[in-house]
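Participant: First, the structure itself, so that you have it in front of you.
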2 protein chains.
Amino acid sequence: MSIFTSIETMENNNQILRELAIKAGAETWEDRKKNQTPQCKFGEDGICCRICSMGPCRITPKASRGICGADAHAIAGRNYVRFIAGGAAAHSDHGREIAHVLHVSSKDGNYVVKDEEKLLKLANEWGVKTEGRDIYEIAHEVAEIGLMEYGKPFGELRFLSRATEERQKLWEKLEIAPRAIDREIATIMHMTHMGCTSDAEALVMQGMRTGLSDGWGGSMMGTEFSDILFGTPTPKVTEADLGVIDKNMVNIIIHGHDPAMSEMIVAASNQADLIDYAKSKGAHGINIAGLCCTANEITMRHGVKMAGNFLQQEGAILTGAVELIVVDVQCIFPALGPLTKCFHTKFITTSEKARIPDSEFIRFDPIRALDQAREIVKMAIDNFANRGSNVCIPSNKQKAVVGYSCEAIIKRLDTVTNSHVDVTGTYRPLVECLESGVLRGAVGIVGCNNPKVRQDLSHIGIMKELLKNDIIIVATGCSAQAAAKAGLLQKEAKELCGEGLRRVCELADIPPVLHMGSCVDISRILLLVTGIAKEWNVDVAKLPIVGCAPEWMSEKAVSIANYVIASGIDTYLGIEPQVKGSSQMMELITEGTRKMVGAGFIINMDPSKLAASIIEGIEAKRTALGI
Amino acid sequence: MSIFTSIETMENNNQILRELAIKAGAETWEDRKKNQTPQCKFGEDGICCRICSMGPCRITPKASRGICGADAHAIAGRNYVRFIAGGAAAHSDHGREIAHVLHVSSKDGNYVVKDEEKLLKLANEWGVKTEGRDIYEIAHEVAEIGLMEYGKPFGELRFLSRATEERQKLWEKLEIAPRAIDREIATIMHMTHMGCTSDAEALVMQGMRTGLSDGWGGSMMGTEFSDILFGTPTPKVTEADLGVIDKNMVNIIIHGHDPAMSEMIVAASNQADLIDYAKSKGAHGINIAGLCCTANEITMRHGVKMAGNFLQQEGAILTGAVELIVVDVQCIFPALGPLTKCFHTKFITTSEKARIPDSEFIRFDPIRALDQAREIVKMAIDNFANRGSNVCIPSNKQKAVVGYSCEAIIKRLDTVTNSHVDVTGTYRPLVECLESGVLRGAVGIVGCNNPKVRQDLSHIGIMKELLKNDIIIVATGCSAQAAAKAGLLQKEAKELCGEGLRRVCELADIPPVLHMGSCVDISRILLLVTGIAKEWNVDVAKLPIVGCAPEWMSEKAVSIANYVIASGIDTYLGIEPQVKGSSQMMELITEGTRKMVGAGFIINMDPSKLAASIIEGIEAKRTALGI
């Protein structure tokens, strides 16, 4: 039997759950997708405008402009950058929440500083006095400075100085160096207001600026502060796919993005009295499993099992074995409300930003978070007795190694460095592999699932093709989980690799797909690529390194894609951005940005073709570098 | 001949211009409206979701939920509050720009402090030391504090303390007291992101909070800082409608919202050397006329003539007599690009926030603003020679008295106060008129034009009906200009009033419709109503005072409507908010908010019926007060 899981096996497992849904009278995304087909072409092409109440307007053969005179380019451009505003807001607000948690951290509180070294490093970077000061005094000052990044009236984002000098100068020259994070979001909303900007290029520029405020701002703070509070990830072995749900345990699913609450749920589930309580109710114990980026956050730091990615959230409930699902923000199907009502599953929402009908709301309070978490875990345990008889958990699960923060990657690289000759603590070995051609390139594969394509097929198919061609992969978000479910995060996945990559995996003792965390942790990828560029002394746009979002779905993905290209990294998309109705927008996002920032989108809905063009793109970059 | 202008006359004038457009091969909004009809019902009903790329989704008889499970209420609610985010961003960013201008004001610079008294009052309110300090030091500190209102990480907006204690307590209790302005906008964008809030009530609450951050935040700062820099308005006589364009003059149209650039254009146009230069080119002089809120800003402070409101922006160009149109932000038809190409008219954009194809871009720089303005005025003069022979200016124009800031209203009220017996400088006389029933009530009529209804008919029709019923009117924005064009801003309009209102107009020597400024100046109306509530010691929601937006069109209007209702003022809408596809949203915005904040929307597209329900609403409030 293969040590890998095929898409067909995954789909067969899913089919079993679909049948359970029908029996339970429950609806799933497959039903709703069918009901929504065919989808509105105007919307898909980005040429429907609903920005004022003179409309809606749309571009048709008889109407080349909306009532105000906005043409296809203006309409598609505005819609596109509002996507970025939504995405940057979501990511950055996540960073802000963690900053507020850091701001109330204390020695005896629910939240303590776990990575003092990282805090002190950041404090030094930001000019915060550290000598002779209490670590929490430092933490609170750092948090306040971080919070000011959202709204300071003057200057630009602090983390921009982490980029290469070339990038910094380019952003200044193009006037896309972001100011305060919230301000860039508000600027998009203003620019796209009726009667403001209708020039597509100006919109695209502000889109990149706002994207940068996410990647080098809100998201990077989300990652940094989470590492400080919860620990910087190190490699860990875990498991992935719905098979991690255990029929003998009290199963709690944590779902969403912000790790603050889920960290406490994990902590509570490890407390002896609650485990005893679970046993007293006839369970073998408490089993926590994650969905979406909450899974990524918690698996990276604690090896908590991953139940699945975005399109599996209903599947987890359909097993009938989930006592409770607790969520925070983003990517949570409102469908979970009615769905959980078909089962015994309790559905707990915790964030004011994600209020969902048919859920029980327990407002997250960082001061009482552990108590709240204990209360939630207890609710799950009490609900174990209510589980129905129709439990059906698909057997599939895969072993995975996770936890590759930049720090963890450097530690692995140090093991292949001759410490007598070379400097340790750098990306030098990786640069040498890339330069020599042992590795042809590196690709960051990220993003969601999207019913517009077969679930996970693009993620996994593209990954396998790249591995075969000696291209190492870093992954985050739902893409990392697709890899995990397929078995690509186990070290044995070296079998799928070309000779060079296989050798690198063996020497460094790593899997060929490195799980770098949640979607906000794409900030880790930015720092990784920046580190390589600095070590190599080559501009990011020239490196044989690209990004890929094969099944992206959310506004966050568009924000990410924009900071990635503005950072000089070509980005391959497997889902079309909704701007097809504007030739100018299509040109701008594919070729236009390339002229400005040296990178753009390459779009193809066929995963094999997308993989081929990634390889081609990387080889072209190698040729240009003369390697 | 009547001293008033009827809708029919206005429409006849417009028809002349339409014929000119046809001759010139130019398209106008009437053509585009026709091409866009019928409009998409899903969009009109608010049940089309384009918030992620799984979609677009829409609610139909066969599909009660989108792919993620969002139902009609979630979809309509999210779309609705994103309208508020767009509107609050536009208004507040306007306030921010003025704050930045205040921050670079200097004794010898382009921008000086014109209303020192207002600055000192605000400095005291905000705890800024004033004694022995240079006025510009104070101005810059006040500006910085103002700028921090956009992004401060802790606390709530400073201007909330200007509201009645009742309102402040209510906002705290409901948790809708806004924090930093940009943060509320970002919060909407996050909450409405895929997989976040799908609970319509939570969305509506955040909508009010964000609206409040506009009205009691960005807009109020826009007004305050503009008054400090450009002077607090006092009554002035001027003229309105396209007839103010003068065929013998160099005509410059200023259009948009932010007064910073237009103030300089006005200043430049008064400089002797430029007037001489215009004369040297065969013109009688330089004629500045405003469109939209720029017109309002500049007429309020300088009595500059108003060429017209929103749907007349193309009409101004069609006269063939406009040498140059210079715009800043918001409500500027992208159609002006191609339209001005059909004429000799130069089209100048000045804001990075409103880049428009087919325009010449001169980026506004507050340090060089007067020089830039002189350059623009010179361009217009140089273009006078290029005017075509087909000049056709509709003859209609109306006399108007404008300039009724709160300070100006109080000054008028002081004239009817017996200073030997009563305190002056209060709204007491107005309260007495309302309490006694000499005035039955007061209505703030505001907002845009919208091709969904006959232009200006609703504004003017409703005003006339209210005047007849002894209801005094304050107006801003395009509504104030509709009133001006109809002749309702002249003191002679007392003829249209009931006996009580006529007497008040005579005694106070005011027109029955008071022009209070631009749309951001609805903050003046908030302060006026708050002043009345405090003087009367009655909660705002109980006063016989309501708001009305008969022809609203923009997202800003929805933001306004939300801070108005959250401030306790019932708001009568003549255009339907696009939420009809959700029964829950319809209930929430009409009755739901009434239970929370004591006010809600009353919606009717028939202006006579809307007027009748305003009168009924006011009388019901009187009855409830026992007066």
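Identifiers for the structure tokens are assigned positionally: chains receive A, B, ... in sequence, residues are indexed from 1 per chain, and ligands are indexed from 1 in the order shown.
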For Thr590 in chain A, work out the shell of residues within 8 Å, counting only C-alpha atoms and skipping chain neighbours fewer than 4 positions away, then give it as a ChimeraX atom specification.
Facilitator: /A:586,594,600-602
Participant: Take the residues that were just selected and, keeping N, CA and C atoms, output them as a CSV table (one decimal), in the first residue's frame.
Facilitator:
```csv
chain,number,residue,atom,x,y,z
A,586,MET,N,-6.4,43.0,-16.8
A,586,MET,CA,-5.7,41.8,-17.1
A,586,MET,C,-4.3,42.1,-17.5
A,594,ARG,N,4.7,43.7,-13.6
A,594,ARG,CA,6.1,43.2,-13.9
A,594,ARG,C,7.0,44.4,-14.2
A,600,GLY,N,4.6,39.5,-11.5
A,600,GLY,CA,3.2,39.6,-11.8
A,600,GLY,C,2.5,38.3,-11.7
A,601,PHE,N,1.3,38.2,-12.1
A,601,PHE,CA,0.5,37.0,-12.1
A,601,PHE,C,0.7,36.2,-13.4
A,602,ILE,N,0.7,34.9,-13.2
A,602,ILE,CA,0.6,34.0,-14.3
A,602,ILE,C,-0.6,33.1,-14.0
```
Participant: Would you mind listing what lies within 8 Å of Val416 in chain B as a PyMOL selection string, with only C-alpha atoms counted and same-chain residues fewer than 2 positions away left out?
Facilitator: chain B and resi 412-414+418+429+507-508
Participant: Would you mind exporting the chosen residues as a CSV table (one decimal), in the first residue's frame, restricted to all heavy atoms?
Facilitator:
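Once everything was written out, this is result-v1.csv:
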```csv
chain,number,residue,atom,x,y,z
B,412,ARG,N,-28.2,84.8,14.5
B,412,ARG,CA,-29.5,85.2,14.1
B,412,ARG,C,-30.5,85.1,15.2
B,412,ARG,O,-31.3,86.0,15.4
B,412,ARG,CB,-30.0,84.4,12.9
B,412,ARG,CG,-29.3,84.5,11.6
B,412,ARG,CD,-28.9,85.9,11.1
B,412,ARG,NE,-30.0,86.8,11.2
B,412,ARG,CZ,-29.8,88.1,11.4
B,412,ARG,NH1,-28.6,88.7,11.6
B,412,ARG,NH2,-30.9,88.9,11.5
B,413,LEU,N,-30.4,84.0,16.0
B,413,LEU,CA,-31.3,83.8,17.1
B,413,LEU,C,-31.1,84.9,18.2
B,413,LEU,O,-32.1,85.3,18.8
B,413,LEU,CB,-31.1,82.4,17.7
B,413,LEU,CG,-31.4,81.2,16.9
B,413,LEU,CD1,-31.1,79.9,17.5
B,413,LEU,CD2,-32.9,81.3,16.5
B,414,ASP,N,-29.8,85.3,18.3
B,414,ASP,CA,-29.6,86.4,19.3
B,414,ASP,C,-30.3,87.7,19.0
B,414,ASP,O,-30.7,88.4,19.9
B,414,ASP,CB,-28.1,86.7,19.3
B,414,ASP,CG,-27.3,85.7,20.2
B,414,ASP,OD1,-27.9,84.9,20.8
B,414,ASP,OD2,-26.0,85.8,20.1
B,418,ASN,N,-34.3,88.9,23.9
B,418,ASN,CA,-34.2,90.1,24.6
B,418,ASN,C,-33.0,90.0,25.6
B,418,ASN,O,-33.1,89.4,26.6
B,418,ASN,CB,-35.5,90.2,25.5
B,418,ASN,CG,-35.6,91.5,26.3
B,418,ASN,OD1,-34.5,92.1,26.5
B,418,ASN,ND2,-36.7,91.9,26.7
B,429,PRO,N,-34.3,80.5,21.7
B,429,PRO,CA,-35.4,81.0,20.9
B,429,PRO,C,-36.0,79.9,20.0
B,429,PRO,O,-37.2,79.8,19.8
B,429,PRO,CB,-34.8,82.2,20.1
B,429,PRO,CG,-33.6,82.6,20.9
B,429,PRO,CD,-33.1,81.4,21.5
B,507,LEU,N,-38.8,87.6,11.6
B,507,LEU,CA,-38.1,88.1,12.9
B,507,LEU,C,-36.6,87.9,12.8
B,507,LEU,O,-35.8,88.7,13.2
B,507,LEU,CB,-38.7,87.4,14.1
B,507,LEU,CG,-40.1,87.9,14.5
B,507,LEU,CD1,-40.7,87.0,15.6
B,507,LEU,CD2,-40.0,89.4,15.0
B,508,ALA,N,-36.2,86.7,12.4
B,508,ALA,CA,-34.8,86.3,12.5
B,508,ALA,C,-34.1,86.8,11.2
B,508,ALA,O,-32.8,86.7,11.1
B,508,ALA,CB,-34.6,84.8,12.7
```
Participant: Within 6 Å of Met306 in chain A, counting only C-alpha atoms, which residues qualify if same-chain residues fewer than 6 places away don't, as a PyMOL selection string?
Facilitator: chain A and resi 240+289-290+295
Participant: Once you have the residues from the selection above, write them out as a JSON list (two decimals), in the first residue's frame, restricted to N, CA and C atoms.
Facilitator:
```
[["chain", "number", "residue", "atom", "x", "y", "z"],
["A", 240, "ALA", "N", -2.69, 14.23, 9.88],
["A", 240, "ALA", "CA", -3.65, 15.09, 9.20],
["A", 240, "ALA", "C", -4.71, 14.29, 8.47],
["A", 289, "ALA", "N", -8.59, 18.73, 17.44],
["A", 289, "ALA", "CA", -8.13, 18.72, 16.05],
["A", 289, "ALA", "C", -8.48, 20.06, 15.43],
["A", 290, "GLY", "N", -7.63, 20.52, 14.54],
["A", 290, "GLY", "CA", -7.81, 21.84, 13.97],
["A", 290, "GLY", "C", -8.32, 21.83, 12.54],
["A", 295, "ALA", "N", -5.74, 25.27, 12.75],
["A", 295, "ALA", "CA", -5.01, 24.01, 12.74],
["A", 295, "ALA", "C", -3.53, 24.26, 12.52]]
```
Participant: Counting only C-alpha atoms, which of A:Leu174, A:Leu339, A:Leu119, A:Ala385 gets nearest to chain B?
Facilitator: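 Nearest candidate to chain B out of A:Leu174, A:Leu339, A:Leu119, A:Ala385: A:Leu339.
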Participant: When distances are computed from only C-alpha atoms, which of B:Arg503, B:Arg387, B:Arg301, B:Arg524 shows the smallest separation from Ala475 in chain B?
Facilitator: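 Among the listed residues, B:Arg524 lies closest to Ala475 in chain B.
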Participant: Need to verify the contact set: range 160-167 of chain B, 10 Å, only C-alpha atoms, exclusion of same-chain residues closer than 6 positions in sequence. Can you return it as a list in words?
Facilitator: Glu125, Lys173, Ala177, Pro178, Leu212, Ser213, Gly215, Trp216, Gly217, Leu526, Leu527, Val529, Thr530, Gly531, Ala533, Lys534, Asn537, Val538, Asp539, Val540, Ala541, Ala566, Ser567, Gly568 and Val597 of chain B
Participant: Report as a ChimeraX atom specification all protein, DNA and RNA residues lying within 12 Å of Pro38 in chain B, evaluated on only C-alpha atoms, omitting residues in the same chain fewer than 6 positions from it.
Facilitator: /A:55-58,63 /B:32,44,452
Participant: How about saving the chosen residues, N, CA and C atoms kept, as a PDB file, in the first residue's frame?
Facilitator:
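Result written to selection-v2.pdb:
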```
ATOM      1  N   GLY A  55     -26.727  52.466  -9.222  1.00  0.00           N
ATOM      2  CA  GLY A  55     -26.615  51.150  -9.842  1.00  0.00           C
ATOM      3  C   GLY A  55     -27.544  50.149  -9.220  1.00  0.00           C
ATOM      4  N   PRO A  56     -27.279  48.866  -9.373  1.00  0.00           N
ATOM      5  CA  PRO A  56     -26.085  48.294 -10.011  1.00  0.00           C
ATOM      6  C   PRO A  56     -26.001  48.578 -11.512  1.00  0.00           C
ATOM      7  N   CYS A  57     -24.753  48.734 -11.952  1.00  0.00           N
ATOM      8  CA  CYS A  57     -24.481  48.874 -13.377  1.00  0.00           C
ATOM      9  C   CYS A  57     -23.603  47.709 -13.814  1.00  0.00           C
ATOM     10  N   ARG A  58     -23.611  47.437 -15.105  1.00  0.00           N
ATOM     11  CA  ARG A  58     -22.709  46.410 -15.615  1.00  0.00           C
ATOM     12  C   ARG A  58     -22.374  46.708 -17.067  1.00  0.00           C
ATOM     13  N   ALA A  63     -23.717  48.728 -23.330  1.00  0.00           N
ATOM     14  CA  ALA A  63     -23.399  49.698 -22.278  1.00  0.00           C
ATOM     15  C   ALA A  63     -21.924  49.578 -21.919  1.00  0.00           C
TER      16      ALA A  63
ATOM     17  N   ARG B  32     -26.672  56.828 -20.468  1.00  0.00           N
ATOM     18  CA  ARG B  32     -26.102  55.663 -19.792  1.00  0.00           C
ATOM     19  C   ARG B  32     -27.131  54.991 -18.899  1.00  0.00           C
ATOM     20  N   GLU B  44     -29.882  45.074  -6.843  1.00  0.00           N
ATOM     21  CA  GLU B  44     -30.800  46.040  -6.233  1.00  0.00           C
ATOM     22  C   GLU B  44     -31.340  45.542  -4.904  1.00  0.00           C
ATOM     23  N   LYS B 452     -32.599  57.320 -10.276  1.00  0.00           N
ATOM     24  CA  LYS B 452     -33.753  56.452  -9.995  1.00  0.00           C
ATOM     25  C   LYS B 452     -35.018  57.286  -9.795  1.00  0.00           C
TER      26      LYS B 452
END
```
Participant: Restricting the calculation to only C-alpha atoms, which member of B:Ser351, B:Asn309, B:Gln15, B:Gln490 is positioned closest to chain A?
Facilitator: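 Going through B:Ser351, B:Asn309, B:Gln15, B:Gln490 one by one, the smallest distance to chain A is for B:Ser351.
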Participant: In Å, rounded to a single decimal, give me how far CA of Arg440 in chain B is from CA of Val237 in chain B.
Facilitator: 27.4 Å
Participant: Please extract the residues of range 433-588 of chain A with a backbone DSSP assignment of strand (DSSP E or B) and present them as a PyMOL selection string.
Facilitator: chain A and resi 441-445+471-476+513-517+545-549+571-573
Participant: Please produce a file of those selected residues containing N, CA, C and O atoms, as a short mmCIF file (atom, residue, chain, number, x, y, z; two decimals), in the first residue's frame.
Facilitator:
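Below is the file result-v1.cif, written as the result:
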```cif
data_model
loop_
_atom_site.label_atom_id
_atom_site.label_comp_id
_atom_site.auth_asym_id
_atom_site.auth_seq_id
_atom_site.Cartn_x
_atom_site.Cartn_y
_atom_site.Cartn_z
N GLY A 441 14.98 25.38 -7.87
CA GLY A 441 14.28 26.57 -7.40
C GLY A 441 13.47 26.25 -6.17
O GLY A 441 13.54 25.13 -5.63
N ALA A 442 12.72 27.24 -5.72
CA ALA A 442 11.85 27.06 -4.56
C ALA A 442 10.52 27.73 -4.86
O ALA A 442 10.47 28.76 -5.54
N VAL A 443 9.47 27.11 -4.39
CA VAL A 443 8.14 27.67 -4.61
C VAL A 443 7.37 27.69 -3.30
O VAL A 443 7.37 26.70 -2.55
N GLY A 444 6.75 28.83 -3.02
CA GLY A 444 5.82 28.92 -1.89
C GLY A 444 4.44 28.61 -2.40
O GLY A 444 3.91 29.34 -3.24
N ILE A 445 3.86 27.51 -1.93
CA ILE A 445 2.50 27.17 -2.38
C ILE A 445 1.55 27.43 -1.22
O ILE A 445 1.76 26.93 -0.11
N ILE A 471 12.45 21.00 -7.26
CA ILE A 471 12.05 22.32 -6.74
C ILE A 471 11.50 22.10 -5.33
O ILE A 471 10.53 21.35 -5.13
N ILE A 472 12.13 22.73 -4.37
CA ILE A 472 11.70 22.57 -2.98
C ILE A 472 10.48 23.46 -2.74
O ILE A 472 10.32 24.51 -3.38
N ILE A 473 9.63 23.01 -1.83
CA ILE A 473 8.36 23.72 -1.61
C ILE A 473 8.24 24.14 -0.16
O ILE A 473 8.54 23.36 0.75
N VAL A 474 7.83 25.40 0.03
CA VAL A 474 7.36 25.79 1.35
C VAL A 474 5.87 26.04 1.21
O VAL A 474 5.41 26.50 0.17
N ALA A 475 5.13 25.69 2.24
CA ALA A 475 3.67 25.79 2.12
C ALA A 475 3.08 26.36 3.39
O ALA A 475 3.65 26.22 4.48
N THR A 476 1.94 27.02 3.24
CA THR A 476 1.19 27.51 4.40
C THR A 476 -0.29 27.27 4.12
O THR A 476 -0.69 26.86 3.04
N VAL A 513 8.45 19.22 1.34
CA VAL A 513 7.47 20.30 1.47
C VAL A 513 7.51 20.75 2.93
O VAL A 513 7.23 19.96 3.83
N LEU A 514 7.89 21.99 3.14
CA LEU A 514 8.06 22.49 4.51
C LEU A 514 6.84 23.29 4.92
O LEU A 514 6.49 24.30 4.28
N HIS A 515 6.19 22.86 5.98
CA HIS A 515 5.01 23.57 6.48
C HIS A 515 5.47 24.77 7.28
O HIS A 515 6.06 24.61 8.35
N MET A 516 5.21 25.96 6.76
CA MET A 516 5.69 27.18 7.44
C MET A 516 4.61 27.87 8.25
O MET A 516 4.87 28.92 8.84
N GLY A 517 3.40 27.32 8.27
CA GLY A 517 2.41 27.89 9.17
C GLY A 517 1.11 28.28 8.52
O GLY A 517 0.69 27.71 7.51
N ILE A 545 12.77 31.73 -7.44
CA ILE A 545 11.79 31.47 -6.37
C ILE A 545 10.49 32.16 -6.76
O ILE A 545 10.48 33.34 -7.10
N VAL A 546 9.40 31.42 -6.73
CA VAL A 546 8.10 32.01 -7.07
C VAL A 546 7.04 31.56 -6.07
O VAL A 546 7.30 30.71 -5.22
N GLY A 547 5.88 32.17 -6.19
CA GLY A 547 4.75 31.82 -5.35
C GLY A 547 3.65 31.20 -6.17
O GLY A 547 3.58 31.41 -7.39
N CYS A 548 2.79 30.45 -5.51
CA CYS A 548 1.69 29.82 -6.24
C CYS A 548 0.48 29.66 -5.32
O CYS A 548 0.61 29.21 -4.19
N ALA A 549 -0.68 30.08 -5.81
CA ALA A 549 -1.94 29.90 -5.06
C ALA A 549 -2.89 29.16 -6.00
O ALA A 549 -3.62 29.77 -6.76
N THR A 571 3.80 35.25 -9.12
CA THR A 571 2.80 34.45 -8.44
C THR A 571 1.90 33.75 -9.46
O THR A 571 1.31 34.40 -10.33
N TYR A 572 1.82 32.45 -9.33
CA TYR A 572 1.06 31.61 -10.26
C TYR A 572 -0.30 31.30 -9.63
O TYR A 572 -0.38 30.73 -8.54
N LEU A 573 -1.35 31.68 -10.33
CA LEU A 573 -2.70 31.53 -9.79
C LEU A 573 -3.47 30.46 -10.55
O LEU A 573 -3.50 30.46 -11.79
#
```
Participant: Which residues are close to Gly403 in chain A, i.e. within 6 Å by only C-alpha atoms, leaving aside same-chain residues fewer than 6 positions away? Reply as a list in words.
Facilitator: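 Near neighbours after the sequence-gap exclusion: Pro233, Thr234, Pro235, Lys236 and Met300 of chain A.
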Participant: Could those residues be written to a file, using N, CA and C atoms, as a JSON list (two decimals), in the first residue's frame?
Facilitator:
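Below is the file that was written, selection-v4.json:
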```json
[["chain", "number", "residue", "atom", "x", "y", "z"],
["A", 233, "PRO", "N", 7.79, 28.22, 16.22],
["A", 233, "PRO", "CA", 7.65, 26.80, 15.90],
["A", 233, "PRO", "C", 8.98, 26.07, 15.65],
["A", 234, "THR", "N", 9.00, 24.82, 16.05],
["A", 234, "THR", "CA", 10.12, 23.91, 15.77],
["A", 234, "THR", "C", 9.51, 22.62, 15.21],
["A", 235, "PRO", "N", 10.29, 21.82, 14.49],
["A", 235, "PRO", "CA", 9.72, 20.64, 13.85],
["A", 235, "PRO", "C", 9.04, 19.68, 14.83],
["A", 236, "LYS", "N", 7.91, 19.17, 14.39],
["A", 236, "LYS", "CA", 7.08, 18.28, 15.20],
["A", 236, "LYS", "C", 6.40, 17.27, 14.29],
["A", 300, "MET", "N", 1.76, 23.84, 14.34],
["A", 300, "MET", "CA", 3.14, 24.35, 14.23],
["A", 300, "MET", "C", 3.78, 24.44, 15.60]]
```
Participant: Excluding range 372-381 of chain A and residues on its chain fewer than 3 positions from it, collect all residues at most 10 Å away from it, counting only C-alpha atoms, and give them as a ChimeraX atom specification.
Facilitator: /A:249-253,261-269,271,274-275,277-283,285-286,288,322-326,345-348,350,362-369,384-386
Participant: Taking into account only C-alpha atoms, which residue in the set A:Glu314, A:Glu239, A:Asp328, A:Glu224 is nearest to Ala260 in chain A?
Facilitator: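 When distances to Ala260 in chain A are compared using only C-alpha atoms, the smallest one comes from A:Asp328.
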Participant: Enumerate as a VMD selection string all residues of range 467-625 of chain A assigned to alpha helix (DSSP H) by DSSP on the backbone, naming them with the chain letters and numbers the document uses.
Facilitator: chain A and resid 467 to 468 477 to 486 499 to 508 522 to 536 555 to 566 583 to 587 593 to 597 607 to 625
Participant: Counting only C-alpha atoms, which residues of range 158-236 of chain A sit at most 8 Å from some atom of range 65-76 of chain A, and what is each one's closest atom pair with its distance in Å to one decimal, listed by chain and rising residue number, as CSV?
Facilitator:
```
residue,atom,partner,partner_atom,distance
A:Gly195,CA,A:Cys68,CA,7.5
A:Thr197,CA,A:Ala74,CA,7.6
A:Ser198,CA,A:Ala74,CA,4.4
A:Asp199,CA,A:Ala74,CA,6.0
A:Ala200,CA,A:Ala74,CA,5.6
```
Participant: Generate a file of the selected residues that holds N, CA and C atoms, formatted as an mmCIF file, in the first residue's frame.
Facilitator:
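Final file, out27.cif:
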```cif
data_model
loop_
_atom_site.group_PDB
_atom_site.id
_atom_site.type_symbol
_atom_site.label_atom_id
_atom_site.label_comp_id
_atom_site.auth_asym_id
_atom_site.auth_seq_id
_atom_site.Cartn_x
_atom_site.Cartn_y
_atom_site.Cartn_z
ATOM 1 N N GLY A 195 -17.123 58.246 -7.873
ATOM 2 C CA GLY A 195 -16.582 59.547 -8.253
ATOM 3 C C GLY A 195 -15.166 59.805 -7.819
ATOM 4 N N THR A 197 -11.279 57.408 -7.871
ATOM 5 C CA THR A 197 -10.360 56.922 -8.907
ATOM 6 C C THR A 197 -11.020 55.955 -9.892
ATOM 7 N N SER A 198 -10.860 56.260 -11.157
ATOM 8 C CA SER A 198 -11.315 55.343 -12.193
ATOM 9 C C SER A 198 -10.149 54.919 -13.087
ATOM 10 N N ASP A 199 -8.953 55.314 -12.719
ATOM 11 C CA ASP A 199 -7.758 54.916 -13.463
ATOM 12 C C ASP A 199 -7.243 53.598 -12.902
ATOM 13 N N ALA A 200 -7.266 52.564 -13.728
ATOM 14 C CA ALA A 200 -6.955 51.215 -13.247
ATOM 15 C C ALA A 200 -5.536 51.116 -12.696
#
```
Participant: Would you work out the distance separating CA of Gly218 in chain A from CA of Gly95 in chain A, expressed in Å to one decimal?
Facilitator: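 Separating CA of Gly218 in chain A from CA of Gly95 in chain A is a distance of 5.0 Å.
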